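Reviewing the structure listed below.
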Amino acid sequence: MIVGAALLVGATVVILGACVLLILAVVAVRARRHSRTQRDEMLLSPLRPPLITVASGEDDDGAAAEQLTWATGVSRAVLDRNIVEMLTKIRGVPAEQLVHVLEVHGAVDTAVAEMSSRSTVKRARAAQLLGLARAGHTVPLLIEALGDEAVEVRNSAAYALGLIGDPVAAGPVLAAIGAPERGLPAATAAEALQSMGVGISEVLRDGMADANARTRMVAAHLSGERSFTRGLPELRRLLDADPDLTVRETSATAIGRLGRGEDAGILVRHTAASEPLALRRACVIALGDLGEAEAIPALAALLDDSDPRLAELAATALLSMGPDGRDALAGHEDEPAVRSARLMASLQKASA
């Protein structure tokens with residue numbers, strides 16, 4: 001009993017001691033961070049007026065930007081960090097002036113050098129800075145970083161390439177999605193590719209034939225988002241025969257956005273009961289987007305489908321097709337799917 005009580009007291013003391021040490025460590029970290037923030041504020045204080053002048057677009061004669069280039073030592077490092085943060089929010093001439101300050105300070109050259117650093121954090125930050133500085137000459141370096149061992153660096157490189165917007169990088173970014181073990185997240189790649197203009201249309205067409213399903217999905221999605229109609233043959237093929245359901249759904253959505261009259265039949269075909277439910281729903285939504293009267297009979301037939309959500313989507317599509325579509329709802333007015341579709345349509349109209 002005595003031994004057990006002693007062990008309990010000892011364990012309690014150890015736990016309390018550990019808690020005290022943890023609290024002290026947290027306090028020390030916060031104190032250090034506060035001290036660093038105060039120091040940075042002090043160093044930046046004399047540079048803040050010209051910095052605000054440039055960032056607000058009021059430095060017509062370039063005098064404020066020139067004043068910023070004179071910063072040296074620790075003040076320059078603090079200023080450069082603030083400029084990088086500002087570049088995530090501003091565009092146009094003010095951004096160009098701030099980038100010039102970074103170039104004069106050697107920050108862009110330093111970022112290039114840090115792309116080969118052993119530190120993951122430094123490589124990632126360097127890639128972001130090169131993108132924010134729109135350093136087009138570093139595109140080959142950033143493309144190489146798409147294969148970095150660290151996903152943070154790969155993401156930063158894709159982000160930077162998207163900011164630079166050079167379509168030369170479109171193929172490597174799309175290919176990086178399916179890279180074994182070092183793949184690029186599909187959402188990151190899609191966001192980067194969105195910024196690369198019409199020059200990526202052929203890259204997307206090639207991507208729809210890629211062996212990797214995520215690559216095909218991104219290529220199909222962007223083709224629809226950017227209205228690249230030259231990709232329609234590939235989208236039809238993917239909808240008909242791709243082994244990946246998500247790719248088929250994405251292709252249906254893209255066809256709904258940029259398809260032609262003849263595509264109504266293709267979409268209708270894949271609303272059949274034998275198709276996966278998710279694909280049937282995607283095709284019904286796409287038919288509503290396409291708006292072809294040819295699809296009205298098929299959509300009307302789906303109002304009695306066993307899946308309530310599919311029936312509601314069919315009703316919504318018909319409501320969007322004008323008088324003929326609304327006429328097809330005759331006899332179904334009291335059905336829950338139609339009532340729900342009408343309610344949603346009225347709410348959307350009221351909020352528009």
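Residues are referred to by chain and number: the chain letter is A, B, ... according to the order shown in the structure tokens, the number counts from 1 in that chain, and ligands are numbered separately from 1 in the order shown.
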Checklist entry - Could you pull the residues within 10 Å of Ile164 (chain A), counting only C-alpha atoms, minus those fewer than 4 positions along the same chain, as JSON, numbers by chain? => result {"A": [130, 131, 132, 133, 134, 135, 136, 137, 138, 139, 158, 159, 160, 169, 192, 195, 196]}
Can those selected residues be exported to a file as a compact mmCIF listing (two decimals), in the first residue's frame so that it contains C-alpha atoms?
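Done, and the output landed in out-v5.txt:
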```txt
# COMPACT_ATOMS: atom_id res chain seq x y z
CA LEU A 130 9.70 32.91 -58.08
CA GLY A 131 6.04 32.58 -58.99
CA LEU A 132 4.99 35.75 -57.22
CA ALA A 133 7.86 37.57 -58.95
CA ARG A 134 6.63 36.21 -62.31
CA ALA A 135 10.19 35.07 -62.97
CA GLY A 136 9.61 33.57 -66.41
CA HIS A 137 13.26 32.65 -66.88
CA THR A 138 12.94 30.15 -64.01
CA VAL A 139 10.19 28.06 -65.66
CA ALA A 158 2.88 24.17 -59.64
CA TYR A 159 1.50 27.26 -57.90
CA ALA A 160 4.42 29.31 -59.21
CA ALA A 169 4.66 24.28 -68.49
CA ALA A 192 -2.16 26.00 -62.14
CA SER A 195 -3.93 30.34 -65.64
CA MET A 196 -2.11 29.21 -68.76
```
Within 12 Å of region 58-78 of chain A: each region 91-146 of chain A residue with its shortest pair, only C-alpha atoms, as CSV:
```
residue,atom,partner,partner_atom,distance
A:Val93,CA,A:Asp59,CA,9.5
A:Pro94,CA,A:Asp59,CA,8.1
A:Ala95,CA,A:Ala65,CA,10.8
A:Glu96,CA,A:Ala65,CA,10.2
A:Gln97,CA,A:Ala65,CA,6.4
A:Leu98,CA,A:Ala65,CA,7.1
A:Val99,CA,A:Ala65,CA,9.9
A:His100,CA,A:Ala65,CA,8.3
A:Val101,CA,A:Thr69,CA,5.3
A:Leu102,CA,A:Thr69,CA,8.0
A:Glu103,CA,A:Thr69,CA,9.1
A:Val104,CA,A:Thr69,CA,6.4
A:His105,CA,A:Thr69,CA,6.7
A:Gly106,CA,A:Thr69,CA,10.3
A:Ala107,CA,A:Ala77,CA,8.9
A:Thr110,CA,A:Ala77,CA,11.6
```
Could you turn the residues from that selection into a file that holds C-alpha atoms, as an mmCIF file, in the first residue's frame?
```cif
data_model
loop_
_atom_site.group_PDB
_atom_site.id
_atom_site.type_symbol
_atom_site.label_atom_id
_atom_site.label_comp_id
_atom_site.auth_asym_id
_atom_site.auth_seq_id
_atom_site.Cartn_x
_atom_site.Cartn_y
_atom_site.Cartn_z
ATOM 1 C CA VAL A 93 2.118 48.257 -61.845
ATOM 2 C CA PRO A 94 2.450 48.222 -58.023
ATOM 3 C CA ALA A 95 3.309 44.526 -58.153
ATOM 4 C CA GLU A 96 5.846 45.137 -60.906
ATOM 5 C CA GLN A 97 7.495 47.866 -58.839
ATOM 6 C CA LEU A 98 7.706 45.633 -55.775
ATOM 7 C CA VAL A 99 9.148 42.804 -57.861
ATOM 8 C CA HIS A 100 11.803 45.236 -59.100
ATOM 9 C CA VAL A 101 12.709 45.960 -55.476
ATOM 10 C CA LEU A 102 13.111 42.221 -54.836
ATOM 11 C CA GLU A 103 15.302 41.894 -57.924
ATOM 12 C CA VAL A 104 17.539 44.764 -56.857
ATOM 13 C CA HIS A 105 17.856 43.220 -53.406
ATOM 14 C CA GLY A 106 18.904 39.930 -54.985
ATOM 15 C CA ALA A 107 15.902 38.078 -53.540
ATOM 16 C CA THR A 110 18.660 33.939 -53.785
#
```
Next on the checklist: Just want the 9 Å neighbourhood of region 219-236 of chain A, counted on only C-alpha atoms, with same-chain residues fewer than 4 positions away dropped. Output as a count of residues only.
Outcome noted: 33
Item to check | Atomic distance CA of Gly325 (chain A) - CA of Ile285 (chain A), expressed in Å with one decimal | outcome: 14.0 Å
Checklist outcome for this item: Residue with the minimum atom-to-atom distance to Glu262 (chain A), picked from A:Asp210, A:Glu333, A:Asp148, A:Glu292 with only C-alpha atoms counted, is A:Glu292
Next on the checklist: I'd like the contact shell of region 118-125 of chain A - 12 Å cut-off, only C-alpha atoms, skipping same-chain residues fewer than 6 positions apart - returned as an MDAnalysis selection string.
Outcome noted: chainID A and resid 81 84:85 107:108 110:112 131:132 141:142 145:146 148:160
Checklist entry - Which residue out of A:Ala179, A:Thr316, A:Ala293, A:Asn82 has the minimum interatomic distance to Gln348 (chain A) when only C-alpha atoms are used? => result A:Thr316
Which residues are close to Ala317 (chain A), i.e. within 7 Å by only C-alpha atoms, leaving aside same-chain residues fewer than 4 positions away? Reply as a PDB file with C-alpha atoms, in the first residue's frame.
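Generated file (selection.pdb):
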```pdb
ATOM      1  CA  ILE A 285     -27.536  17.748 -65.210  1.00  0.00           C
ATOM      2  CA  LEU A 287     -28.681  17.734 -70.496  1.00  0.00           C
ATOM      3  CA  GLY A 288     -30.121  20.673 -68.583  1.00  0.00           C
ATOM      4  CA  LEU A 313     -32.658  16.609 -61.426  1.00  0.00           C
ATOM      5  CA  MET A 321     -35.722  24.343 -71.076  1.00  0.00           C
TER       6      MET A 321
END
```
Item to check | Gap from CA of Glu312 (chain A) to CA of Ala282 (chain A) - Å, one decimal | outcome: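 Value for the CA of Glu312 (chain A)-CA of Ala282 (chain A) distance: 12.6 Å.
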Next on the checklist: As an exercise, work out the distance from CA of Val268 (chain A) to CA of Val284 (chain A) in Å and give it to one decimal place.
Outcome noted: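 Spanning CA of Val268 (chain A) to CA of Val284 (chain A) is a straight-line distance of 7.6 Å.
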Next on the checklist: I'd like the contact shell of Leu267 (chain A) - 6 Å cut-off, only C-alpha atoms, skipping same-chain residues fewer than 3 positions apart - returned as a list in words.
Outcome noted: Ala264, His270 and Cys283 of chain A
Can you write out the residues you just picked, keeping all heavy atoms, as a PDB file, in the first residue's frame?
```pdb
ATOM      1  N   ALA A 264     -26.814  15.641 -77.327  1.00  0.00           N
ATOM      2  CA  ALA A 264     -27.973  15.299 -76.495  1.00  0.00           C
ATOM      3  C   ALA A 264     -28.212  13.794 -76.521  1.00  0.00           C
ATOM      4  O   ALA A 264     -28.474  13.174 -75.484  1.00  0.00           O
ATOM      5  CB  ALA A 264     -29.205  16.052 -76.979  1.00  0.00           C
ATOM      6  N   HIS A 270     -26.714   7.595 -71.777  1.00  0.00           N
ATOM      7  CA  HIS A 270     -26.092   7.226 -70.507  1.00  0.00           C
ATOM      8  C   HIS A 270     -26.939   7.596 -69.284  1.00  0.00           C
ATOM      9  O   HIS A 270     -26.455   7.567 -68.163  1.00  0.00           O
ATOM     10  CB  HIS A 270     -24.710   7.865 -70.418  1.00  0.00           C
ATOM     11  CG  HIS A 270     -23.748   7.296 -71.427  1.00  0.00           C
ATOM     12  ND1 HIS A 270     -23.315   6.000 -71.387  1.00  0.00           N
ATOM     13  CD2 HIS A 270     -23.192   7.853 -72.538  1.00  0.00           C
ATOM     14  CE1 HIS A 270     -22.493   5.775 -72.401  1.00  0.00           C
ATOM     15  NE2 HIS A 270     -22.413   6.887 -73.125  1.00  0.00           N
ATOM     16  N   CYS A 283     -25.284  13.031 -66.239  1.00  0.00           N
ATOM     17  CA  CYS A 283     -25.777  13.220 -67.609  1.00  0.00           C
ATOM     18  C   CYS A 283     -27.077  14.018 -67.628  1.00  0.00           C
ATOM     19  O   CYS A 283     -27.302  14.824 -68.542  1.00  0.00           O
ATOM     20  CB  CYS A 283     -25.976  11.869 -68.284  1.00  0.00           C
ATOM     21  SG  CYS A 283     -24.424  11.053 -68.732  1.00  0.00           S
TER      22      CYS A 283
END
```
Item to check | Filtered DSSP result for region 26-252 of chain A, state alpha helix (DSSP H), as an MDAnalysis selection string | outcome: chainID A and resid 26:44 48:55 63:69 73:87 92:105 107:114 120:132 139:145 151:164 170:177 186:194 201:207 213:225 232:241 245:252
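Proximity ranking of A:Asp307, A:Asp242, A:Glu144, A:Glu41 relative to Ala176 (chain A) places A:Glu144 first, based on only C-alpha atoms.
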